[in-house]
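Input: a single structure, listed below in structure tokens.
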Amino acid sequence: MNTKDIFDIFDSQIIEYHKTDNIDEPSHNPYSNDTFEYLLWEKSHIDTVQWHLEDLIRPDDIDPVEALKLKRRIDKSNQNRTDLVERIDDYYLSQLQHVTTIPNAKINTETPAWAIDRLSILALKIYHFGIETNRKGASAEHYAKCQAKYNILLTQKADLLQAIDDLLEELRSGKKVMKVYRQMKMYNDPSLNPMLYKKEK
């Protein structure tokens, strides 16, 4: 699967989500849960819901209790997002396990899954800026600014698709080695976050 196929899954999920535009709506994943496509759809759904959670928490007059609930939900979403990125990396590790790397093979600054994470967010930006370039009642200046940014995002999409495809090809040919460092998050761990382990004493 190339990155254009991955982007198309992200785009399909975003369109599906916006049929209801409801943060509590299930993901309606059309793929079998033992497939790579399933992981990609779920990744996009998590990112899409979180995008809208971030919108909901922005107003200055938000009720503090509601804001705290949203913050907790965003924290949980971030954890789920990271967990899913690691599952996507596990897929690539399994695909690459028999590759023999060349001497002095280089390490990339990010794994394929973290690059795909960026692609998922980019898909959301493209979708929402596309809406803004056609929003009724906005000023001509608004349209012009949004169209300019939309065009840049499309260029960024082309560049990122190519860069990820190049990375995957280099990994498959052994020119680069895939090295995964598992998450080292402290804030969710009762044994590492001082605000949590102090509370247990």
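Going by the structure tokens order, chains are called A, B, ..., each with residues numbered from 1, while ligands are numbered from 1 in the order shown.
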Within 12 Å of region 33-47 of chain A: each region 112-147 of chain A residue with its shortest pair, only C-alpha atoms, as CSV:
```
residue,atom,partner,partner_atom,distance
A:Ala113,CA,A:Leu40,CA,9.8
A:Trp114,CA,A:Lys43,CA,11.3
A:Ile116,CA,A:Leu40,CA,9.0
A:Asp117,CA,A:Lys43,CA,8.0
A:Arg118,CA,A:Asp47,CA,10.3
A:Leu119,CA,A:Ser44,CA,9.6
A:Ser120,CA,A:Ser44,CA,6.0
A:Ile121,CA,A:Asp47,CA,6.9
A:Leu122,CA,A:Asp47,CA,10.4
A:Ala123,CA,A:Ser44,CA,8.9
A:Leu124,CA,A:Asp47,CA,8.2
A:Lys125,CA,A:Asp47,CA,11.1
```
Produce a file of the selected residues containing C-alpha atoms, as an mmCIF file, in the first residue's frame.
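Result file selection-v9.cif:
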```cif
data_model
loop_
_atom_site.group_PDB
_atom_site.id
_atom_site.type_symbol
_atom_site.label_atom_id
_atom_site.label_comp_id
_atom_site.auth_asym_id
_atom_site.auth_seq_id
_atom_site.Cartn_x
_atom_site.Cartn_y
_atom_site.Cartn_z
ATOM 1 C CA ALA A 113 3.927 5.561 11.602
ATOM 2 C CA TRP A 114 4.840 8.974 13.016
ATOM 3 C CA ILE A 116 1.762 8.799 8.713
ATOM 4 C CA ASP A 117 0.479 10.527 11.862
ATOM 5 C CA ARG A 118 1.488 13.834 10.266
ATOM 6 C CA LEU A 119 -0.300 12.802 7.082
ATOM 7 C CA SER A 120 -3.495 12.136 9.047
ATOM 8 C CA ILE A 121 -3.438 15.636 10.546
ATOM 9 C CA LEU A 122 -2.650 17.105 7.140
ATOM 10 C CA ALA A 123 -5.740 15.390 5.712
ATOM 11 C CA LEU A 124 -7.843 17.139 8.358
ATOM 12 C CA LYS A 125 -6.273 20.523 7.586
#
```
Do you know which residues are at most 12 Å from Leu154 (chain A) counting only C-alpha atoms, after dropping those on the same chain fewer than 2 positions away, and could you put them as a PyMOL selection string?
chain A and resi 119+122-127+129-130+147-152+156-161
Please produce, as a tab-separated table, a per-residue contact table for region 135-199 of chain A versus region 101-111 of chain A (criterion: any atom at most 6 Å away, only C-alpha atoms considered), showing the nearest atom pair and its distance in Å to one decimal, sorted by chain then residue number.
```
residue	atom	partner	partner_atom	distance
A:Gly174	CA	A:Thr101	CA	3.8
A:Lys175	CA	A:Ala105	CA	5.1
A:Lys176	CA	A:Lys106	CA	4.7
A:Val177	CA	A:Ile107	CA	5.4
```
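Among the candidates A:Val65, A:Asn193, A:Asp89, A:Gln95, the one nearest to Tyr181 (chain A) when counting only C-alpha atoms is A:Asp89.
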As a short mmCIF file (atom, residue, chain, number, x, y, z; two decimals) with C-alpha atoms, in the first residue's frame, list the residues of chain A assigned to strand (DSSP E or B) by DSSP on the backbone atoms of this structure.
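Result saved to selection-v1.cif:
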```
data_model
loop_
_atom_site.label_atom_id
_atom_site.label_comp_id
_atom_site.auth_asym_id
_atom_site.auth_seq_id
_atom_site.Cartn_x
_atom_site.Cartn_y
_atom_site.Cartn_z
CA LYS A 106 21.04 5.31 8.34
CA ILE A 107 18.23 5.89 10.83
CA LYS A 176 17.76 2.74 6.20
CA VAL A 177 17.07 0.81 9.37
#
```
d(CA of Asn78 (chain A), CA of Val49 (chain A)) in Å
10.9 Å
Fewer than 5 positions away in the same chain doesn't count, so skip those; otherwise give me all residues within 9 Å of Glu86 (chain A), counting only C-alpha atoms, as a ChimeraX atom specification.
/A:81,91,113-114,180,182-183
Residues of the last selection are to be written out with N, CA and C atoms, as a short mmCIF file (atom, residue, chain, number, x, y, z; two decimals), in the first residue's frame.
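Wrote again.cif, looks like this:
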```cif
data_model
loop_
_atom_site.label_atom_id
_atom_site.label_comp_id
_atom_site.auth_asym_id
_atom_site.auth_seq_id
_atom_site.Cartn_x
_atom_site.Cartn_y
_atom_site.Cartn_z
N ARG A 81 -4.12 7.72 20.59
CA ARG A 81 -3.43 8.06 19.34
C ARG A 81 -2.02 7.49 19.34
N TYR A 91 3.25 -3.01 12.54
CA TYR A 91 2.94 -3.57 11.22
C TYR A 91 4.16 -3.45 10.31
N ALA A 113 5.23 5.27 10.99
CA ALA A 113 3.93 5.56 11.60
C ALA A 113 3.82 7.00 12.07
N TRP A 114 4.92 7.57 12.58
CA TRP A 114 4.84 8.97 13.02
C TRP A 114 4.76 9.91 11.82
N VAL A 180 12.53 1.63 16.61
CA VAL A 180 11.37 2.16 17.31
C VAL A 180 11.69 2.33 18.79
N ARG A 182 9.77 3.03 22.13
CA ARG A 182 8.40 3.04 22.64
C ARG A 182 8.16 4.29 23.48
N GLN A 183 6.89 4.63 23.60
CA GLN A 183 6.51 5.85 24.31
C GLN A 183 7.05 5.87 25.74
#
```
Which residues are near Met186 (chain A)? Cut-off 12 Å, only C-alpha atoms, ignore same chain within fewer than 5 positions. Put them as a PyMOL selection string.
chain A and resi 79+191-197
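Here the question is which of A:Asn29, A:Pro59, A:Met1, A:Ala138 gets nearest to Ile14 (chain A) using only C-alpha atoms, and that residue is A:Asn29.
When the distance limit is 7 Å and only C-alpha atoms are what count, the residues near Arg172 (chain A), minus those fewer than 3 positions from it on the same chain, are Leu96, Val99, Leu168 and Glu169 of chain A.
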Go through region 30-194 of chain A and collect every residue that DSSP, computed from the backbone, puts in alpha helix (DSSP H); the answer should be as a ChimeraX atom specification.
/A:36-56,64-96,112-132,140-173,194
Using C-alpha atoms, can you export the residues from the last selection as an mmCIF file, in the first residue's frame?
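So the final result, stored in again32.cif, reads:
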```
data_model
loop_
_atom_site.group_PDB
_atom_site.id
_atom_site.type_symbol
_atom_site.label_atom_id
_atom_site.label_comp_id
_atom_site.auth_asym_id
_atom_site.auth_seq_id
_atom_site.Cartn_x
_atom_site.Cartn_y
_atom_site.Cartn_z
ATOM 1 C CA PHE A 36 -3.737 -2.643 8.268
ATOM 2 C CA GLU A 37 -6.538 -0.594 6.710
ATOM 3 C CA TYR A 38 -8.528 -0.982 9.922
ATOM 4 C CA LEU A 39 -5.684 0.606 11.915
ATOM 5 C CA LEU A 40 -5.455 3.514 9.495
ATOM 6 C CA TRP A 41 -9.200 4.202 9.663
ATOM 7 C CA GLU A 42 -9.151 4.108 13.477
ATOM 8 C CA LYS A 43 -6.137 6.427 13.538
ATOM 9 C CA SER A 44 -7.955 8.932 11.372
ATOM 10 C CA HIS A 45 -11.109 8.678 13.472
ATOM 11 C CA ILE A 46 -9.193 9.386 16.689
ATOM 12 C CA ASP A 47 -7.546 12.419 15.082
ATOM 13 C CA THR A 48 -10.826 13.706 13.663
ATOM 14 C CA VAL A 49 -12.660 13.463 16.982
ATOM 15 C CA GLN A 50 -9.754 15.121 18.766
ATOM 16 C CA TRP A 51 -9.701 17.934 16.203
ATOM 17 C CA HIS A 52 -13.289 18.745 17.184
ATOM 18 C CA LEU A 53 -12.653 18.283 20.906
ATOM 19 C CA GLU A 54 -9.928 20.921 20.572
ATOM 20 C CA ASP A 55 -12.478 23.227 18.925
ATOM 21 C CA LEU A 56 -14.982 22.713 21.737
ATOM 22 C CA PRO A 64 -14.777 25.277 33.767
ATOM 23 C CA VAL A 65 -16.265 21.912 34.732
ATOM 24 C CA GLU A 66 -17.027 21.146 31.093
ATOM 25 C CA ALA A 67 -13.543 22.327 30.092
ATOM 26 C CA LEU A 68 -11.958 19.905 32.570
ATOM 27 C CA LYS A 69 -14.047 17.036 31.194
ATOM 28 C CA LEU A 70 -12.930 17.895 27.671
ATOM 29 C CA LYS A 71 -9.290 18.173 28.782
ATOM 30 C CA ARG A 72 -9.460 14.706 30.345
ATOM 31 C CA ARG A 73 -11.001 13.352 27.159
ATOM 32 C CA ILE A 74 -8.291 14.975 25.037
ATOM 33 C CA ASP A 75 -5.607 13.443 27.272
ATOM 34 C CA LYS A 76 -7.165 10.000 26.824
ATOM 35 C CA SER A 77 -7.416 10.579 23.079
ATOM 36 C CA ASN A 78 -3.722 11.482 22.935
ATOM 37 C CA GLN A 79 -2.863 8.242 24.685
ATOM 38 C CA ASN A 80 -5.043 6.249 22.271
ATOM 39 C CA ARG A 81 -3.428 8.062 19.344
ATOM 40 C CA THR A 82 0.072 7.174 20.529
ATOM 41 C CA ASP A 83 -0.914 3.557 21.152
ATOM 42 C CA LEU A 84 -2.274 3.297 17.629
ATOM 43 C CA VAL A 85 0.823 4.865 16.078
ATOM 44 C CA GLU A 86 2.867 2.150 17.772
ATOM 45 C CA ARG A 87 0.560 -0.536 16.357
ATOM 46 C CA ILE A 88 1.110 0.896 12.879
ATOM 47 C CA ASP A 89 4.864 0.801 13.463
ATOM 48 C CA ASP A 90 4.508 -2.822 14.596
ATOM 49 C CA TYR A 91 2.941 -3.571 11.223
ATOM 50 C CA TYR A 92 5.924 -2.074 9.401
ATOM 51 C CA LEU A 93 8.391 -3.851 11.687
ATOM 52 C CA SER A 94 6.757 -7.163 10.802
ATOM 53 C CA GLN A 95 6.934 -6.298 7.100
ATOM 54 C CA LEU A 96 10.632 -5.444 7.374
ATOM 55 C CA PRO A 112 6.883 5.454 9.205
ATOM 56 C CA ALA A 113 3.927 5.561 11.602
ATOM 57 C CA TRP A 114 4.840 8.974 13.016
ATOM 58 C CA ALA A 115 5.194 10.301 9.472
ATOM 59 C CA ILE A 116 1.762 8.799 8.713
ATOM 60 C CA ASP A 117 0.479 10.527 11.862
ATOM 61 C CA ARG A 118 1.488 13.834 10.266
ATOM 62 C CA LEU A 119 -0.300 12.802 7.082
ATOM 63 C CA SER A 120 -3.495 12.136 9.047
ATOM 64 C CA ILE A 121 -3.438 15.636 10.546
ATOM 65 C CA LEU A 122 -2.650 17.105 7.140
ATOM 66 C CA ALA A 123 -5.740 15.390 5.712
ATOM 67 C CA LEU A 124 -7.843 17.139 8.358
ATOM 68 C CA LYS A 125 -6.273 20.523 7.586
ATOM 69 C CA ILE A 126 -6.953 20.090 3.876
ATOM 70 C CA TYR A 127 -10.575 19.111 4.538
ATOM 71 C CA HIS A 128 -11.277 22.044 6.844
ATOM 72 C CA PHE A 129 -9.448 24.664 4.784
ATOM 73 C CA GLY A 130 -11.404 23.394 1.786
ATOM 74 C CA ILE A 131 -14.578 24.248 3.686
ATOM 75 C CA GLU A 132 -13.267 27.692 4.572
ATOM 76 C CA ALA A 140 -13.085 38.225 -0.017
ATOM 77 C CA GLU A 141 -9.967 38.618 2.129
ATOM 78 C CA HIS A 142 -10.921 35.487 4.078
ATOM 79 C CA TYR A 143 -11.374 33.510 0.865
ATOM 80 C CA ALA A 144 -8.040 34.689 -0.518
ATOM 81 C CA LYS A 145 -6.105 33.844 2.659
ATOM 82 C CA CYS A 146 -7.724 30.432 2.999
ATOM 83 C CA GLN A 147 -7.203 29.591 -0.672
ATOM 84 C CA ALA A 148 -3.513 30.505 -0.397
ATOM 85 C CA LYS A 149 -3.113 28.261 2.644
ATOM 86 C CA TYR A 150 -5.126 25.494 0.997
ATOM 87 C CA ASN A 151 -2.784 25.559 -1.996
ATOM 88 C CA ILE A 152 0.244 25.294 0.303
ATOM 89 C CA LEU A 153 -1.344 22.337 2.095
ATOM 90 C CA LEU A 154 -1.814 20.550 -1.238
ATOM 91 C CA THR A 155 1.877 21.093 -2.014
ATOM 92 C CA GLN A 156 2.768 19.832 1.455
ATOM 93 C CA LYS A 157 0.589 16.766 0.837
ATOM 94 C CA ALA A 158 2.437 15.932 -2.394
ATOM 95 C CA ASP A 159 5.807 16.390 -0.682
ATOM 96 C CA LEU A 160 4.863 14.314 2.354
ATOM 97 C CA LEU A 161 3.392 11.499 0.248
ATOM 98 C CA GLN A 162 6.626 11.328 -1.731
ATOM 99 C CA ALA A 163 8.823 11.537 1.375
ATOM 100 C CA ILE A 164 6.995 8.672 3.123
ATOM 101 C CA ASP A 165 7.071 6.512 -0.007
ATOM 102 C CA ASP A 166 10.810 7.220 -0.301
ATOM 103 C CA LEU A 167 11.353 6.291 3.357
ATOM 104 C CA LEU A 168 9.468 3.019 2.981
ATOM 105 C CA GLU A 169 11.454 2.161 -0.154
ATOM 106 C CA GLU A 170 14.748 2.875 1.632
ATOM 107 C CA LEU A 171 13.661 0.673 4.535
ATOM 108 C CA ARG A 172 12.659 -2.167 2.208
ATOM 109 C CA SER A 173 15.965 -1.938 0.342
ATOM 110 C CA PRO A 194 4.474 13.108 41.030
#
```
